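The next block holds one structure in the form of structure tokens; read it before the comments.
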Amino acid sequence: MAFVKLTESLGEAIENAEEETFLLWSSGVPSRGLGMLDTHAEILELTIGGRDLTIHQSPALLKSNLATGTTGAVVWDLTPVFAEWIATTSNVLFKHDILGPDATVLELGSGIAGVVGLMLAPSIKRFVFTDQEYVLKMLRQNIEANTIAPKEQKTSRSKKSKPTKQQTPNPTSNVNIDVLALDWEVSALDQLPQVLDTDGSDSGIDVILAVDCIFNENIVEPLVQTCKVLSQFRQAKSGRPTVCVFAQQLRLPDIFEQWLRTTLRDFTVWRVPDEMLSKELAERSGFVIHLAVLKDV
């Protein structure tokens with residue numbers, strides 16, 4: 001019932017990739033360049049939704065010639081505004097009980113920052129970060145720097161000490177956060193559902209997030225296939241749909257159209273309308289959010 005109400009609220013699904021591409025680019029796309037928040041700073045002090053985060057990034061790694069790619073080494077413009085929106089419990093996914101205290105969320109291409117998970121994890125059951133091996137060390141560093149272990153949290157509350165700049169009020173516990181290595185192009189996707197099913201519940205993933213992950217044509221097919229495998233696992237086990245959330249900066253229309261055409265083969269896709277978004281994500285922001293659900297659900 002929750003899923004039906006969600007799709008009804010979104011309106012008509014997208015049927016034609018070429019038409020959707022035309023509509024988005026014809027409305028005017030602001031110039032944001034590549035869309036990196038700060039390509040020089042090694043430490044970013046961010047305030048998102050009233051919460052202070054200290055994020056370490058690696059401009060040096062971004063400029064390296066690493067064969068597996070380097071886009072995950074820095075924070076992108078879309079990340080903080082999307083993180084604030086997705087973590088707001090009045091958004092469309094919380095409103096229709098797709099997100100909530102019992103939800104499991106997996107992020108593809110998390111990058112080094114961990115910003116989305118740090119903001120969303122306190123409101124859900126489990127958050128799973130995934131990315132290539134080269135980003136995981138710094139990702140774990142950022143998670144540890146902006147969360148506290150359950151024992152530390154208990155001690156902190158008992159002492160009732162005033163928060164410092166390094167310790168924000170009521171910081172997120174890391175008890176429901178996992179980090180997994182996943183390279184869409186080379187990982188054995190048939191084993192991924194079993195790795196994720198650590199509690200034996202066979203409940204699968206409620207929501208898959210892909211935030212600014214689509215930079216070239218080579219990753220389109222592996223990304224969509226990964227979403228398909230995870231969605232099929234949940235559907236087979238529980239009969240419930242997985243909602244895939246694709247948040248993108250509008251850069252190259254050809255790449256966007258290829259992604260949408262590929263996704264439409266197996267998924268029903270909706271664009272989240274402006275009235276359901278924050279002003280930082282709405283039309284003419286240069287950003288767009290689509291929801292996708294495996295067909296025949």
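Labels used: A, B, ... for chains in the order of the structure tokens, numbers from 1 for residues in each chain, and numbers from 1 for ligands as shown.
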| query | So which residues touch region 221-228 of chain A within 9 Å, counting only C-alpha atoms, skipping near sequence neighbours fewer than 2 positions away, as a ChimeraX atom specification? | reply | /A:108,184-186,189,208,210,213-214,217-219,230-233,242,244,259,262-263,266-267,294
Would you output that residue set with N, CA and C atoms, as a CSV table (one decimal), in the first residue's frame?
```csv
chain,number,residue,atom,x,y,z
A,108,LEU,N,25.3,3.3,-3.6
A,108,LEU,CA,26.3,2.9,-4.6
A,108,LEU,C,27.2,4.1,-4.8
A,184,TRP,N,31.2,-2.0,-9.5
A,184,TRP,CA,30.1,-2.4,-10.4
A,184,TRP,C,30.6,-3.2,-11.6
A,185,GLU,N,31.8,-2.9,-12.1
A,185,GLU,CA,32.3,-3.5,-13.3
A,185,GLU,C,32.9,-4.8,-13.1
A,186,VAL,N,33.5,-5.1,-11.9
A,186,VAL,CA,34.2,-6.3,-11.8
A,186,VAL,C,33.7,-7.2,-10.6
A,189,LEU,N,28.4,-9.9,-8.7
A,189,LEU,CA,27.1,-9.4,-8.2
A,189,LEU,C,26.2,-10.5,-7.6
A,208,ILE,N,17.9,2.0,-2.7
A,208,ILE,CA,19.3,2.1,-3.3
A,208,ILE,C,19.5,3.5,-3.7
A,210,ALA,N,22.0,6.3,-5.6
A,210,ALA,CA,23.2,6.6,-6.5
A,210,ALA,C,23.2,8.1,-6.7
A,213,CYS,N,26.7,9.6,-9.7
A,213,CYS,CA,27.5,8.5,-10.0
A,213,CYS,C,27.8,8.4,-11.5
A,214,ILE,N,27.0,9.1,-12.3
A,214,ILE,CA,27.0,8.8,-13.8
A,214,ILE,C,27.8,9.9,-14.5
A,217,GLU,N,29.8,6.9,-20.2
A,217,GLU,CA,29.0,5.8,-20.8
A,217,GLU,C,29.4,4.5,-20.3
A,218,ASN,N,30.6,4.3,-19.9
A,218,ASN,CA,31.1,3.0,-19.5
A,218,ASN,C,30.5,2.4,-18.2
A,219,ILE,N,30.0,3.3,-17.3
A,219,ILE,CA,29.5,2.8,-16.1
A,219,ILE,C,28.0,2.7,-16.1
A,230,LEU,N,20.1,-6.4,-7.2
A,230,LEU,CA,19.6,-6.1,-5.8
A,230,LEU,C,18.1,-6.1,-5.7
A,231,SER,N,17.5,-5.5,-6.7
A,231,SER,CA,16.0,-5.4,-6.7
A,231,SER,C,15.4,-6.7,-6.9
A,232,GLN,N,16.0,-7.6,-7.7
A,232,GLN,CA,15.4,-8.9,-8.0
A,232,GLN,C,15.5,-9.8,-6.7
A,233,PHE,N,16.6,-9.6,-6.0
A,233,PHE,CA,16.8,-10.4,-4.7
A,233,PHE,C,15.7,-10.1,-3.8
A,242,THR,N,12.2,-2.7,-4.3
A,242,THR,CA,13.3,-1.8,-3.9
A,242,THR,C,13.1,-0.5,-4.7
A,244,CYS,N,14.9,2.6,-6.2
A,244,CYS,CA,16.2,3.1,-6.6
A,244,CYS,C,16.1,4.7,-6.7
A,259,TRP,N,21.8,6.7,-19.9
A,259,TRP,CA,21.4,6.1,-18.6
A,259,TRP,C,19.9,5.9,-18.5
A,262,THR,N,18.8,3.0,-20.8
A,262,THR,CA,19.2,1.7,-20.2
A,262,THR,C,18.3,1.3,-19.0
A,263,THR,N,18.0,2.3,-18.2
A,263,THR,CA,17.2,2.0,-17.0
A,263,THR,C,15.8,1.7,-17.4
A,266,ASP,N,14.4,-2.1,-17.8
A,266,ASP,CA,14.0,-3.0,-16.8
A,266,ASP,C,13.2,-2.3,-15.6
A,267,PHE,N,13.2,-1.0,-15.6
A,267,PHE,CA,12.6,-0.3,-14.5
A,267,PHE,C,11.5,0.7,-15.0
A,294,LEU,N,11.9,-1.8,-10.3
A,294,LEU,CA,11.9,-2.9,-11.2
A,294,LEU,C,10.5,-3.2,-11.8
```
| request: Do a neighbour search on Ala292 (chain A) at 8 Å with only C-alpha atoms, toss out local chain neighbours closer than 5 positions, and write the hits as a list in words. | output: Val243, Cys244, Val245, Phe246, Phe267, Thr268, Val269 and Trp270 of chain A
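Closest approach to Ala103 (chain A) among A:Asp206, A:Asp77, A:Glu133, A:Glu42 is made by A:Asp206 (distances from only C-alpha atoms).
Closest approach to Val288 (chain A) among A:Gln249, A:Thr47, A:Thr21, A:Asn176 is made by A:Gln249 (distances from only C-alpha atoms).
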| Using only C-alpha atoms, which residue out of A:Val211, A:Ala2, A:Ile14, A:Leu46 lies closest to Leu99 (chain A)? | A:Ala2
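Of the residues listed (A:Arg140, A:Phe129, A:Met276, A:Glu20), A:Glu20 shows the shortest atom-to-atom separation from Glu257 (chain A); distances use only C-alpha atoms.
Straight-line separation from CA of Asp274 (chain A) to CA of Leu53 (chain A): 27.4 Å.
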| message | Using only C-alpha atoms, which protein or nucleic acid residues come within 9 Å of Leu78 (chain A)? Drop anything in the same chain fewer than 6 positions from it, and give the result as a ChimeraX atom specification. | response | /A:35-37,211-212,247-249,281,287
| message | as a ChimeraX atom specification, please: every residue in region 233-277 of chain A that DSSP puts in helix (DSSP H, G or I). | response | /A:233-238,253-266,274-276
Would you export the selected residues with C-alpha atoms as a PDB file, in the first residue's frame, please?
```pdb
ATOM      1  CA  PHE A 233      16.792 -10.374  -4.744  1.00  0.00           C
ATOM      2  CA  ARG A 234      14.356  -8.433  -2.602  1.00  0.00           C
ATOM      3  CA  GLN A 235      11.429  -9.121  -4.916  1.00  0.00           C
ATOM      4  CA  ALA A 236      12.135 -12.858  -4.952  1.00  0.00           C
ATOM      5  CA  LYS A 237      12.489 -13.096  -1.176  1.00  0.00           C
ATOM      6  CA  SER A 238       9.753 -10.820   0.068  1.00  0.00           C
ATOM      7  CA  PRO A 253      22.648  15.171 -22.271  1.00  0.00           C
ATOM      8  CA  ASP A 254      23.943  12.202 -24.276  1.00  0.00           C
ATOM      9  CA  ILE A 255      25.176  10.404 -21.148  1.00  0.00           C
ATOM     10  CA  PHE A 256      21.972  11.185 -19.276  1.00  0.00           C
ATOM     11  CA  GLU A 257      19.837   9.881 -22.152  1.00  0.00           C
ATOM     12  CA  GLN A 258      21.890   6.692 -22.349  1.00  0.00           C
ATOM     13  CA  TRP A 259      21.427   6.121 -18.616  1.00  0.00           C
ATOM     14  CA  LEU A 260      17.679   6.681 -18.806  1.00  0.00           C
ATOM     15  CA  ARG A 261      17.224   4.531 -21.909  1.00  0.00           C
ATOM     16  CA  THR A 262      19.164   1.713 -20.250  1.00  0.00           C
ATOM     17  CA  THR A 263      17.226   2.042 -16.996  1.00  0.00           C
ATOM     18  CA  LEU A 264      13.855   2.042 -18.760  1.00  0.00           C
ATOM     19  CA  ARG A 265      14.552  -1.440 -20.150  1.00  0.00           C
ATOM     20  CA  ASP A 266      13.975  -3.036 -16.756  1.00  0.00           C
ATOM     21  CA  ASP A 274       9.679  20.185  -7.865  1.00  0.00           C
ATOM     22  CA  GLU A 275       7.005  20.488  -5.190  1.00  0.00           C
ATOM     23  CA  MET A 276       8.503  17.445  -3.443  1.00  0.00           C
TER      24      MET A 276
END
```
| To one decimal place, how far is CA of Thr54 (chain A) from CA of Leu250 (chain A) in Å? | 27.2 Å
| field | Nearest to Gly114 (chain A) by atom-to-atom distance, counting only C-alpha atoms, from A:Ser90, A:Ser27, A:Thr7, A:Thr147 | value | A:Thr147
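CA of Phe94 (chain A) is found 9.6 Å from CA of Ser123 (chain A).
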| task | Please identify all polymer residues within 8 Å of Gly111 (chain A), counting only C-alpha atoms, omitting same-chain residues fewer than 2 positions from it, and present them as a ChimeraX atom specification. | result | /A:71-75,109,113-114,131,135-136,139
